[in-house]
$ cat input-v3.pdb   # PDB, C-alpha atoms, pLDDT in the B column
ATOM      1  CA  GLN A   1      30.206 -39.812 -40.369  1.00 63.00           C
ATOM      2  CA  LYS A   2      31.009 -42.583 -42.822  1.00 73.00           C
ATOM      3  CA  GLU A   3      31.371 -46.016 -41.316  1.00 90.00           C
ATOM      4  CA  VAL A   4      34.746 -46.566 -42.976  1.00 94.00           C
ATOM      5  CA  GLU A   5      36.818 -43.531 -43.871  1.00 95.00           C
ATOM      6  CA  GLN A   6      39.892 -43.187 -46.007  1.00 95.00           C
ATOM      7  CA  ASN A   7      41.720 -40.164 -47.322  1.00 91.00           C
ATOM      8  CA  SER A   8      40.894 -40.097 -51.036  1.00 89.00           C
ATOM      9  CA  GLY A   9      44.352 -38.826 -51.977  1.00 91.00           C
ATOM     10  CA  PRO A  10      46.100 -38.891 -54.262  1.00 96.00           C
ATOM     11  CA  LEU A  11      49.017 -39.855 -52.067  1.00 97.00           C
ATOM     12  CA  SER A  12      52.269 -39.354 -53.923  1.00 97.00           C
ATOM     13  CA  VAL A  13      55.310 -41.333 -52.754  1.00 97.00           C
ATOM     14  CA  PRO A  14      58.797 -41.578 -54.315  1.00 98.00           C
ATOM     15  CA  GLU A  15      59.895 -44.946 -55.617  1.00 98.00           C
ATOM     16  CA  GLY A  16      61.665 -46.939 -52.943  1.00 98.00           C
ATOM     17  CA  ALA A  17      60.029 -45.088 -50.061  1.00 98.00           C
ATOM     18  CA  ILE A  18      57.415 -46.368 -47.610  1.00 98.00           C
ATOM     19  CA  ALA A  19      53.794 -45.684 -48.490  1.00 98.00           C
ATOM     20  CA  SER A  20      51.430 -45.422 -45.536  1.00 98.00           C
ATOM     21  CA  LEU A  21      47.688 -45.791 -46.067  1.00 98.00           C
ATOM     22  CA  ASN A  22      45.186 -45.278 -43.290  1.00 97.00           C
ATOM     23  CA  CYS A  23      41.608 -46.283 -42.614  1.00 97.00           C
ATOM     24  CA  THR A  24      39.338 -45.486 -39.671  1.00 97.00           C
ATOM     25  CA  TYR A  25      36.075 -47.188 -38.808  1.00 95.00           C
ATOM     26  CA  SER A  26      33.176 -46.304 -36.582  1.00 93.00           C
ATOM     27  CA  ASP A  27      31.796 -49.660 -35.396  1.00 89.00           C
ATOM     28  CA  ARG A  28      33.696 -50.605 -32.258  1.00 90.00           C
ATOM     29  CA  VAL A  29      32.720 -54.269 -32.524  1.00 89.00           C
ATOM     30  CA  SER A  30      34.316 -54.698 -35.959  1.00 89.00           C
ATOM     31  CA  GLN A  31      36.360 -57.868 -36.100  1.00 89.00           C
ATOM     32  CA  SER A  32      37.659 -58.387 -39.621  1.00 92.00           C
ATOM     33  CA  PHE A  33      39.664 -55.970 -41.720  1.00 95.00           C
ATOM     34  CA  PHE A  34      40.770 -56.190 -45.322  1.00 96.00           C
ATOM     35  CA  TRP A  35      42.918 -54.256 -47.763  1.00 97.00           C
ATOM     36  CA  TYR A  36      42.138 -54.570 -51.460  1.00 97.00           C
ATOM     37  CA  ARG A  37      44.079 -53.070 -54.336  1.00 98.00           C
ATOM     38  CA  GLN A  38      42.311 -51.814 -57.445  1.00 97.00           C
ATOM     39  CA  TYR A  39      44.153 -50.765 -60.572  1.00 97.00           C
ATOM     40  CA  SER A  40      42.419 -48.206 -62.763  1.00 94.00           C
ATOM     41  CA  GLY A  41      39.656 -49.845 -64.772  1.00 93.00           C
ATOM     42  CA  LYS A  42      40.167 -53.195 -63.066  1.00 96.00           C
ATOM     43  CA  SER A  43      38.494 -55.115 -60.285  1.00 97.00           C
ATOM     44  CA  PRO A  44      39.588 -55.164 -56.625  1.00 97.00           C
ATOM     45  CA  GLU A  45      41.952 -57.892 -55.443  1.00 96.00           C
ATOM     46  CA  LEU A  46      42.773 -58.835 -51.869  1.00 95.00           C
ATOM     47  CA  ILE A  47      46.193 -57.858 -50.510  1.00 96.00           C
ATOM     48  CA  MET A  48      45.894 -58.449 -46.776  1.00 95.00           C
ATOM     49  CA  SER A  49      43.446 -59.439 -44.098  1.00 95.00           C
ATOM     50  CA  ILE A  50      43.955 -58.800 -40.389  1.00 95.00           C
ATOM     51  CA  TYR A  51      41.878 -59.812 -37.393  1.00 93.00           C
ATOM     52  CA  SER A  52      44.006 -59.141 -34.300  1.00 94.00           C
ATOM     53  CA  ASN A  53      45.647 -56.054 -32.872  1.00 96.00           C
ATOM     54  CA  GLY A  54      49.208 -55.535 -33.997  1.00 97.00           C
ATOM     55  CA  ASP A  55      51.123 -55.991 -37.195  1.00 97.00           C
ATOM     56  CA  LYS A  56      50.830 -58.588 -39.931  1.00 97.00           C
ATOM     57  CA  GLU A  57      53.516 -58.768 -42.587  1.00 97.00           C
ATOM     58  CA  ASP A  58      53.393 -60.287 -46.060  1.00 96.00           C
ATOM     59  CA  GLY A  59      56.376 -59.501 -48.238  1.00 97.00           C
ATOM     60  CA  ARG A  60      56.586 -55.743 -48.754  1.00 98.00           C
ATOM     61  CA  PHE A  61      53.156 -55.222 -47.186  1.00 98.00           C
ATOM     62  CA  THR A  62      52.388 -54.750 -43.490  1.00 98.00           C
ATOM     63  CA  ALA A  63      48.893 -54.308 -42.103  1.00 98.00           C
ATOM     64  CA  GLN A  64      48.538 -52.679 -38.691  1.00 98.00           C
ATOM     65  CA  LEU A  65      45.412 -52.855 -36.557  1.00 97.00           C
ATOM     66  CA  ASN A  66      44.577 -50.813 -33.484  1.00 97.00           C
ATOM     67  CA  LYS A  67      41.073 -51.632 -32.272  1.00 95.00           C
ATOM     68  CA  ALA A  68      41.217 -49.233 -29.335  1.00 95.00           C
ATOM     69  CA  SER A  69      41.807 -46.314 -31.703  1.00 95.00           C
ATOM     70  CA  GLN A  70      39.644 -47.854 -34.433  1.00 96.00           C
ATOM     71  CA  TYR A  71      42.102 -47.637 -37.241  1.00 95.00           C
ATOM     72  CA  VAL A  72      43.814 -49.988 -39.607  1.00 98.00           C
ATOM     73  CA  SER A  73      46.738 -49.091 -41.815  1.00 98.00           C
ATOM     74  CA  LEU A  74      48.689 -50.560 -44.693  1.00 98.00           C
ATOM     75  CA  LEU A  75      52.390 -49.955 -45.139  1.00 98.00           C
ATOM     76  CA  ILE A  76      54.102 -50.671 -48.428  1.00 98.00           C
ATOM     77  CA  ARG A  77      57.888 -50.843 -48.190  1.00 98.00           C
ATOM     78  CA  ASP A  78      60.233 -50.243 -51.126  1.00 98.00           C
ATOM     79  CA  SER A  79      57.343 -48.792 -53.143  1.00 98.00           C
ATOM     80  CA  GLN A  80      57.357 -49.587 -56.838  1.00 97.00           C
ATOM     81  CA  PRO A  81      55.569 -47.835 -59.724  1.00 97.00           C
ATOM     82  CA  SER A  82      53.498 -51.009 -60.060  1.00 97.00           C
ATOM     83  CA  ASP A  83      52.046 -50.245 -56.612  1.00 98.00           C
ATOM     84  CA  SER A  84      50.272 -47.226 -58.073  1.00 98.00           C
ATOM     85  CA  ALA A  85      46.598 -48.030 -57.612  1.00 98.00           C
ATOM     86  CA  THR A  86      43.606 -47.285 -55.406  1.00 97.00           C
ATOM     87  CA  TYR A  87      43.637 -49.098 -52.086  1.00 98.00           C
ATOM     88  CA  LEU A  88      40.304 -50.040 -50.562  1.00 97.00           C
ATOM     89  CA  CYS A  89      39.735 -50.738 -46.886  1.00 97.00           C
ATOM     90  CA  ALA A  90      36.873 -53.069 -45.936  1.00 95.00           C
ATOM     91  CA  VAL A  91      35.582 -53.896 -42.475  1.00 94.00           C
ATOM     92  CA  ASN A  92      32.988 -56.196 -40.992  1.00 88.00           C
ATOM     93  CA  ARG A  93      31.606 -57.025 -37.589  1.00 76.00           C
ATOM     94  CA  ASP A  94      31.646 -60.777 -37.904  1.00 71.00           C
ATOM     95  CA  SER A  95      30.903 -63.489 -40.415  1.00 68.00           C
ATOM     96  CA  ASN A  96      27.196 -62.660 -40.461  1.00 73.00           C
ATOM     97  CA  TYR A  97      27.545 -59.027 -41.402  1.00 75.00           C
ATOM     98  CA  GLN A  98      28.216 -57.331 -44.664  1.00 85.00           C
ATOM     99  CA  LEU A  99      31.568 -55.867 -45.542  1.00 90.00           C
ATOM    100  CA  ILE A 100      31.572 -52.091 -45.316  1.00 91.00           C
ATOM    101  CA  TRP A 101      33.928 -50.430 -47.758  1.00 94.00           C
ATOM    102  CA  GLY A 102      35.865 -47.218 -47.675  1.00 95.00           C
ATOM    103  CA  ALA A 103      35.960 -45.063 -50.795  1.00 95.00           C
ATOM    104  CA  GLY A 104      39.636 -45.809 -51.336  1.00 96.00           C
ATOM    105  CA  THR A 105      42.937 -43.955 -51.376  1.00 97.00           C
ATOM    106  CA  LYS A 106      44.648 -43.355 -54.686  1.00 97.00           C
ATOM    107  CA  LEU A 107      48.387 -44.025 -54.412  1.00 98.00           C
ATOM    108  CA  ILE A 108      50.896 -42.747 -56.954  1.00 98.00           C
ATOM    109  CA  ILE A 109      54.477 -43.977 -56.856  1.00 98.00           C
ATOM    110  CA  LYS A 110      56.774 -41.573 -58.663  1.00 96.00           C
ATOM    111  CA  PRO A 111      59.891 -43.042 -60.371  1.00 92.00           C
TER     112      PRO A 111
ATOM    113  CA  ASN B   1      41.232 -70.494 -64.357  1.00 64.00           C
ATOM    114  CA  ALA B   2      38.363 -68.204 -65.309  1.00 80.00           C
ATOM    115  CA  GLY B   3      37.431 -67.291 -61.706  1.00 95.00           C
ATOM    116  CA  VAL B   4      34.456 -64.911 -61.828  1.00 97.00           C
ATOM    117  CA  THR B   5      33.132 -64.034 -65.266  1.00 97.00           C
ATOM    118  CA  GLN B   6      30.737 -61.167 -65.895  1.00 97.00           C
ATOM    119  CA  THR B   7      28.937 -60.218 -69.061  1.00 96.00           C
ATOM    120  CA  PRO B   8      28.669 -57.768 -70.686  1.00 97.00           C
ATOM    121  CA  LYS B   9      31.712 -55.574 -70.040  1.00 96.00           C
ATOM    122  CA  PHE B  10      30.045 -52.434 -71.372  1.00 97.00           C
ATOM    123  CA  GLN B  11      26.418 -51.505 -71.897  1.00 97.00           C
ATOM    124  CA  VAL B  12      24.487 -48.378 -72.803  1.00 98.00           C
ATOM    125  CA  LEU B  13      20.775 -48.346 -72.023  1.00 97.00           C
ATOM    126  CA  LYS B  14      18.037 -45.853 -72.583  1.00 98.00           C
ATOM    127  CA  THR B  15      15.974 -44.817 -69.599  1.00 98.00           C
ATOM    128  CA  GLY B  16      13.243 -47.377 -69.020  1.00 98.00           C
ATOM    129  CA  GLN B  17      14.959 -50.246 -70.777  1.00 98.00           C
ATOM    130  CA  SER B  18      15.663 -53.492 -68.960  1.00 97.00           C
ATOM    131  CA  MET B  19      18.687 -55.729 -68.935  1.00 97.00           C
ATOM    132  CA  THR B  20      20.286 -58.601 -67.059  1.00 98.00           C
ATOM    133  CA  LEU B  21      23.908 -58.738 -65.990  1.00 98.00           C
ATOM    134  CA  GLN B  22      25.245 -62.252 -65.911  1.00 98.00           C
ATOM    135  CA  CYS B  23      27.810 -63.627 -63.492  1.00 98.00           C
ATOM    136  CA  ALA B  24      29.316 -67.082 -63.182  1.00 98.00           C
ATOM    137  CA  GLN B  25      32.078 -68.474 -60.977  1.00 97.00           C
ATOM    138  CA  ASP B  26      33.984 -71.703 -61.342  1.00 96.00           C
ATOM    139  CA  MET B  27      35.553 -71.850 -57.860  1.00 95.00           C
ATOM    140  CA  ASN B  28      32.690 -73.771 -56.228  1.00 95.00           C
ATOM    141  CA  HIS B  29      32.050 -70.813 -53.933  1.00 95.00           C
ATOM    142  CA  ASN B  30      28.957 -70.715 -51.774  1.00 94.00           C
ATOM    143  CA  SER B  31      28.464 -66.947 -51.573  1.00 94.00           C
ATOM    144  CA  MET B  32      28.006 -64.470 -54.379  1.00 95.00           C
ATOM    145  CA  TYR B  33      27.545 -60.708 -54.417  1.00 96.00           C
ATOM    146  CA  TRP B  34      26.601 -57.804 -56.623  1.00 97.00           C
ATOM    147  CA  TYR B  35      28.191 -54.430 -55.947  1.00 97.00           C
ATOM    148  CA  ARG B  36      28.077 -51.087 -57.629  1.00 98.00           C
ATOM    149  CA  GLN B  37      30.996 -48.664 -57.561  1.00 97.00           C
ATOM    150  CA  ASP B  38      30.547 -44.952 -58.020  1.00 95.00           C
ATOM    151  CA  PRO B  39      33.252 -42.266 -57.871  1.00 88.00           C
ATOM    152  CA  GLY B  40      34.032 -41.238 -54.306  1.00 82.00           C
ATOM    153  CA  MET B  41      31.595 -43.717 -52.766  1.00 83.00           C
ATOM    154  CA  GLY B  42      33.402 -47.022 -52.661  1.00 86.00           C
ATOM    155  CA  LEU B  43      31.706 -50.337 -53.221  1.00 94.00           C
ATOM    156  CA  ARG B  44      28.068 -50.604 -52.222  1.00 95.00           C
ATOM    157  CA  LEU B  45      26.329 -53.934 -51.896  1.00 94.00           C
ATOM    158  CA  ILE B  46      23.185 -54.353 -53.988  1.00 97.00           C
ATOM    159  CA  TYR B  47      22.230 -57.977 -53.290  1.00 96.00           C
ATOM    160  CA  TYR B  48      23.966 -61.065 -52.101  1.00 95.00           C
ATOM    161  CA  SER B  49      23.426 -64.787 -51.987  1.00 95.00           C
ATOM    162  CA  ALA B  50      24.954 -66.522 -48.999  1.00 92.00           C
ATOM    163  CA  SER B  51      24.281 -69.923 -50.502  1.00 90.00           C
ATOM    164  CA  GLU B  52      22.485 -71.535 -53.376  1.00 90.00           C
ATOM    165  CA  GLY B  53      18.759 -70.915 -53.074  1.00 89.00           C
ATOM    166  CA  THR B  54      18.991 -67.785 -50.921  1.00 93.00           C
ATOM    167  CA  THR B  55      19.201 -64.100 -51.762  1.00 96.00           C
ATOM    168  CA  ASP B  56      19.155 -61.033 -49.556  1.00 94.00           C
ATOM    169  CA  LYS B  57      19.095 -57.286 -49.992  1.00 95.00           C
ATOM    170  CA  GLY B  58      22.180 -55.247 -49.442  1.00 93.00           C
ATOM    171  CA  GLU B  59      22.619 -51.540 -48.930  1.00 91.00           C
ATOM    172  CA  VAL B  60      21.154 -50.304 -52.245  1.00 96.00           C
ATOM    173  CA  PRO B  61      18.656 -52.882 -53.621  1.00 97.00           C
ATOM    174  CA  ASN B  62      15.999 -50.540 -55.023  1.00 97.00           C
ATOM    175  CA  GLY B  63      15.569 -50.872 -58.781  1.00 97.00           C
ATOM    176  CA  TYR B  64      17.287 -54.259 -58.951  1.00 98.00           C
ATOM    177  CA  ASN B  65      16.383 -57.915 -58.747  1.00 98.00           C
ATOM    178  CA  VAL B  66      18.596 -60.969 -58.578  1.00 98.00           C
ATOM    179  CA  SER B  67      18.434 -64.663 -59.282  1.00 97.00           C
ATOM    180  CA  ARG B  68      20.753 -67.332 -57.936  1.00 96.00           C
ATOM    181  CA  LEU B  69      20.220 -69.722 -60.798  1.00 90.00           C
ATOM    182  CA  ASN B  70      22.482 -72.428 -59.370  1.00 95.00           C
ATOM    183  CA  LYS B  71      25.667 -72.553 -57.348  1.00 96.00           C
ATOM    184  CA  ARG B  72      27.697 -71.093 -60.211  1.00 97.00           C
ATOM    185  CA  GLU B  73      25.468 -68.322 -61.509  1.00 97.00           C
ATOM    186  CA  PHE B  74      24.065 -65.138 -59.990  1.00 98.00           C
ATOM    187  CA  SER B  75      22.338 -62.625 -62.232  1.00 98.00           C
ATOM    188  CA  LEU B  76      21.331 -59.012 -61.645  1.00 98.00           C
ATOM    189  CA  ARG B  77      18.345 -57.519 -63.439  1.00 98.00           C
ATOM    190  CA  LEU B  78      17.435 -53.897 -63.975  1.00 97.00           C
ATOM    191  CA  GLU B  79      13.739 -53.819 -64.806  1.00 94.00           C
ATOM    192  CA  SER B  80      13.467 -50.157 -65.777  1.00 97.00           C
ATOM    193  CA  ALA B  81      16.839 -48.473 -65.994  1.00 97.00           C
ATOM    194  CA  ALA B  82      17.304 -44.959 -64.636  1.00 98.00           C
ATOM    195  CA  PRO B  83      20.231 -42.541 -65.086  1.00 97.00           C
ATOM    196  CA  SER B  84      21.001 -42.967 -61.354  1.00 97.00           C
ATOM    197  CA  GLN B  85      21.917 -46.571 -62.134  1.00 98.00           C
ATOM    198  CA  THR B  86      24.839 -45.457 -64.282  1.00 98.00           C
ATOM    199  CA  SER B  87      27.755 -47.113 -62.528  1.00 98.00           C
ATOM    200  CA  VAL B  88      30.331 -49.870 -62.640  1.00 98.00           C
ATOM    201  CA  TYR B  89      28.886 -53.162 -61.448  1.00 98.00           C
ATOM    202  CA  PHE B  90      30.989 -55.919 -59.938  1.00 98.00           C
ATOM    203  CA  CYS B  91      30.034 -59.470 -59.226  1.00 98.00           C
ATOM    204  CA  ALA B  92      32.061 -61.254 -56.566  1.00 96.00           C
ATOM    205  CA  SER B  93      32.154 -64.630 -54.909  1.00 95.00           C
ATOM    206  CA  SER B  94      33.632 -66.098 -51.758  1.00 93.00           C
ATOM    207  CA  GLU B  95      34.012 -69.563 -50.358  1.00 91.00           C
ATOM    208  CA  GLY B  96      32.239 -68.779 -47.136  1.00 83.00           C
ATOM    209  CA  SER B  97      30.887 -65.791 -45.329  1.00 79.00           C
ATOM    210  CA  TRP B  98      31.850 -62.147 -45.127  1.00 79.00           C
ATOM    211  CA  ASN B  99      35.217 -62.598 -43.515  1.00 75.00           C
ATOM    212  CA  THR B 100      36.661 -64.715 -46.286  1.00 83.00           C
ATOM    213  CA  GLU B 101      38.415 -63.452 -49.388  1.00 89.00           C
ATOM    214  CA  ALA B 102      36.140 -62.175 -52.130  1.00 92.00           C
ATOM    215  CA  PHE B 103      37.079 -62.674 -55.771  1.00 95.00           C
ATOM    216  CA  PHE B 104      35.747 -60.125 -58.226  1.00 97.00           C
ATOM    217  CA  GLY B 105      34.686 -60.264 -61.834  1.00 97.00           C
ATOM    218  CA  GLN B 106      36.101 -57.769 -64.306  1.00 97.00           C
ATOM    219  CA  GLY B 107      33.138 -55.405 -63.962  1.00 97.00           C
ATOM    220  CA  THR B 108      30.384 -54.059 -66.175  1.00 97.00           C
ATOM    221  CA  ARG B 109      30.388 -50.389 -67.056  1.00 97.00           C
ATOM    222  CA  LEU B 110      26.742 -49.393 -67.475  1.00 98.00           C
ATOM    223  CA  THR B 111      25.565 -46.047 -68.792  1.00 98.00           C
ATOM    224  CA  VAL B 112      21.892 -45.116 -68.734  1.00 98.00           C
ATOM    225  CA  VAL B 113      20.975 -42.185 -70.958  1.00 97.00           C
TER     226      VAL B 113
END
$ encode --input "input-v3.pdb" --output "structure tokens"
Amino acid sequence: QKEVEQNSGPLSVPEGAIASLNCTYSDRVSQSFFWYRQYSGKSPELIMSIYSNGDKEDGRFTAQLNKASQYVSLLIRDSQPSDSATYLCAVNRDSNYQLIWGAGTKLIIKP
Amino acid sequence: NAGVTQTPKFQVLKTGQSMTLQCAQDMNHNSMYWYRQDPGMGLRLIYYSASEGTTDKGEVPNGYNVSRLNKREFSLRLESAAPSQTSVYFCASSEGSWNTEAFFGQGTRLTVV
């Protein structure tokens, strides 16, 4: 079992709809969770970080964390074609441990 | 703002050749990282430097060496390139430790033939 798992996709969502991206992790003591976006041929860039159970909202993006079920999700409201990218989930135990990365989910927003 | 700058952007090597990937950041970050990204495998950490003067192995260090030349610069060397090292390499930096935002360079696409 991979330490951080994501559905590779592609996930196809109509423009204006909500895109839901999921990530599960195996280390129960994980504390920090990150969502990065990576456009094709480009480098990853941070979208959201979340550390506590519940929801965290930033504009059209909402990160959701459920430590009991060991999953973290990213919701993108009012999806735009510019949201088409690969979304990477990264997890770590605490500040002394390496980030562990998922393989990413490719998201396609159809006009 | 340049952020994190990597050179070169593309490189083709023959098996057995050596090369050094250069990375520099202008954000006064303490920590720097080298990752490789392969299709379907996500980012894998090769080496990292938590602070100037220190380097540590990551998940896949075999075949690589690094040098933290100063606070700004962190280089990755392939002593004898192998086809298995064909990948996209990213340098990244962060202000502090693993739970702070990492900023990535534009990547180096390396092909070993």
$ interface_residues --input "input-v3.pdb" --of "chain B" --to "chain A" --cutoff "10 Å" --atoms "only C-alpha atoms" --output "PyMOL selection string"
chain B and resi 37-45+48+50+58-59+88-92+96-107+109
$ write_last_selection --input "input-v3.pdb" --atoms "C-alpha atoms" --output "tab-separated table (two decimals), in the coordinates of the input"
chain	number	residue	atom	x	y	z
B	37	GLN	CA	31.00	-48.66	-57.56
B	38	ASP	CA	30.55	-44.95	-58.02
B	39	PRO	CA	33.25	-42.27	-57.87
B	40	GLY	CA	34.03	-41.24	-54.31
B	41	MET	CA	31.60	-43.72	-52.77
B	42	GLY	CA	33.40	-47.02	-52.66
B	43	LEU	CA	31.71	-50.34	-53.22
B	44	ARG	CA	28.07	-50.60	-52.22
B	45	LEU	CA	26.33	-53.93	-51.90
B	48	TYR	CA	23.97	-61.06	-52.10
B	50	ALA	CA	24.95	-66.52	-49.00
B	58	GLY	CA	22.18	-55.25	-49.44
B	59	GLU	CA	22.62	-51.54	-48.93
B	88	VAL	CA	30.33	-49.87	-62.64
B	89	TYR	CA	28.89	-53.16	-61.45
B	90	PHE	CA	30.99	-55.92	-59.94
B	91	CYS	CA	30.03	-59.47	-59.23
B	92	ALA	CA	32.06	-61.25	-56.57
B	96	GLY	CA	32.24	-68.78	-47.14
B	97	SER	CA	30.89	-65.79	-45.33
B	98	TRP	CA	31.85	-62.15	-45.13
B	99	ASN	CA	35.22	-62.60	-43.52
B	100	THR	CA	36.66	-64.72	-46.29
B	101	GLU	CA	38.42	-63.45	-49.39
B	102	ALA	CA	36.14	-62.18	-52.13
B	103	PHE	CA	37.08	-62.67	-55.77
B	104	PHE	CA	35.75	-60.12	-58.23
B	105	GLY	CA	34.69	-60.26	-61.83
B	106	GLN	CA	36.10	-57.77	-64.31
B	107	GLY	CA	33.14	-55.40	-63.96
B	109	ARG	CA	30.39	-50.39	-67.06
$ atom_distance --input "input-v3.pdb" --atom1 "CA of Pro61 (chain B)" --atom2 "CA of Ser40 (chain A)"
25.9 Å
$ atom_distance --input "input-v3.pdb" --atom1 "CA of Ala2 (chain B)" --atom2 "CA of Glu73 (chain B)"
13.4 Å
$ resolve_selection --input "input-v3.pdb" --expression "the PyMOL selection byres ((chain A and resi 70-72) around 8)" --output "PDB file with C-alpha atoms, in the coordinates of the input"
ATOM      1  CA  ASN A  22      45.186 -45.278 -43.290  1.00 97.00           C
ATOM      2  CA  CYS A  23      41.608 -46.283 -42.614  1.00 97.00           C
ATOM      3  CA  THR A  24      39.338 -45.486 -39.671  1.00 97.00           C
ATOM      4  CA  TYR A  25      36.075 -47.188 -38.808  1.00 95.00           C
ATOM      5  CA  SER A  26      33.176 -46.304 -36.582  1.00 93.00           C
ATOM      6  CA  ARG A  28      33.696 -50.605 -32.258  1.00 90.00           C
ATOM      7  CA  PHE A  33      39.664 -55.970 -41.720  1.00 95.00           C
ATOM      8  CA  ALA A  63      48.893 -54.308 -42.103  1.00 98.00           C
ATOM      9  CA  GLN A  64      48.538 -52.679 -38.691  1.00 98.00           C
ATOM     10  CA  LEU A  65      45.412 -52.855 -36.557  1.00 97.00           C
ATOM     11  CA  ASN A  66      44.577 -50.813 -33.484  1.00 97.00           C
ATOM     12  CA  LYS A  67      41.073 -51.632 -32.272  1.00 95.00           C
ATOM     13  CA  ALA A  68      41.217 -49.233 -29.335  1.00 95.00           C
ATOM     14  CA  SER A  69      41.807 -46.314 -31.703  1.00 95.00           C
ATOM     15  CA  SER A  73      46.738 -49.091 -41.815  1.00 98.00           C
ATOM     16  CA  LEU A  74      48.689 -50.560 -44.693  1.00 98.00           C
TER      17      LEU A  74
END
$ atom_distance --input "input-v3.pdb" --atom1 "CA of Pro10 (chain A)" --atom2 "CA of Asp58 (chain A)"
24.0 Å
$ resolve_selection --input "input-v3.pdb" --expression "the PyMOL selection byres ((chain B and resi 7) around 8)" --output "tab-separated table (two decimals) with C-alpha atoms, in the frame of the given file"
chain	number	residue	atom	x	y	z
B	5	THR	CA	33.13	-64.03	-65.27
B	6	GLN	CA	30.74	-61.17	-65.90
B	8	PRO	CA	28.67	-57.77	-70.69
B	9	LYS	CA	31.71	-55.57	-70.04
B	21	LEU	CA	23.91	-58.74	-65.99
B	22	GLN	CA	25.24	-62.25	-65.91
B	23	CYS	CA	27.81	-63.63	-63.49
B	108	THR	CA	30.38	-54.06	-66.18
$ closest_residue --input "input-v3.pdb" --among "B:Ser49, B:Asn70, B:Ser87, B:Ser75" --to "Met32 (chain B)" --atoms "all atoms listed in the file"
B:Ser49
$ residues_around --input "input-v3.pdb" --residues "Asp78 (chain A)" --least-positions-apart "4" --cutoff "6 Å" --atoms "all atoms listed in the file" --output "ChimeraX atom specification"
/A:16-18
$ residues_around --input "input-v3.pdb" --residues "His29 (chain B)" --least-positions-apart "2" --cutoff "9 Å" --atoms "all atoms listed in the file" --output "list in words"
Gln25, Asp26, Met27, Ser31, Met32, Ser51, Lys71, Arg72, Ser93, Ser94, Glu95 and Gly96 of chain B
$ closest_residue --input "input-v3.pdb" --among "B:Asn62, B:Gln85, B:Ser80, B:Ser67" --to "Ala24 (chain B)" --atoms "all atoms listed in the file"
B:Ser67
$ residues_around --input "input-v3.pdb" --residues "region 10-13 of chain B" --least-positions-apart "2" --cutoff "8 Å" --atoms "only C-alpha atoms" --output "ChimeraX atom specification"
/B:8,15,17-18,81,108-113
$ resolve_selection --input "input-v3.pdb" --expression "the PyMOL selection byres ((chain A and resi 13) around 8)" --output "list of chain:residue names"
A:Leu11, A:Ser12, A:Pro14, A:Glu15, A:Ala17, A:Ile18, A:Ala19, A:Ser79, A:Leu107, A:Ile108, A:Ile109, A:Lys110
$ decode --input "input-v3.pdb" --residues "region 82-94 of chain B" --atoms "C-alpha atoms" --output "short mmCIF file (atom, residue, chain, number, x, y, z; two decimals), in the first residue's frame"
data_model
loop_
_atom_site.label_atom_id
_atom_site.label_comp_id
_atom_site.auth_asym_id
_atom_site.auth_seq_id
_atom_site.Cartn_x
_atom_site.Cartn_y
_atom_site.Cartn_z
CA ALA B 82 22.20 5.60 -16.05
CA PRO B 83 19.01 5.30 -18.13
CA SER B 84 17.07 4.80 -14.86
CA GLN B 85 17.95 8.39 -13.99
CA THR B 86 15.90 9.69 -16.91
CA SER B 87 13.38 11.90 -15.15
CA VAL B 88 12.29 15.44 -14.42
CA TYR B 89 14.27 16.94 -11.56
CA PHE B 90 12.95 19.70 -9.34
CA CYS B 91 14.80 21.81 -6.87
CA ALA B 92 12.73 23.38 -4.11
CA SER B 93 13.27 25.57 -1.10
CA SER B 94 11.36 26.44 2.04
#
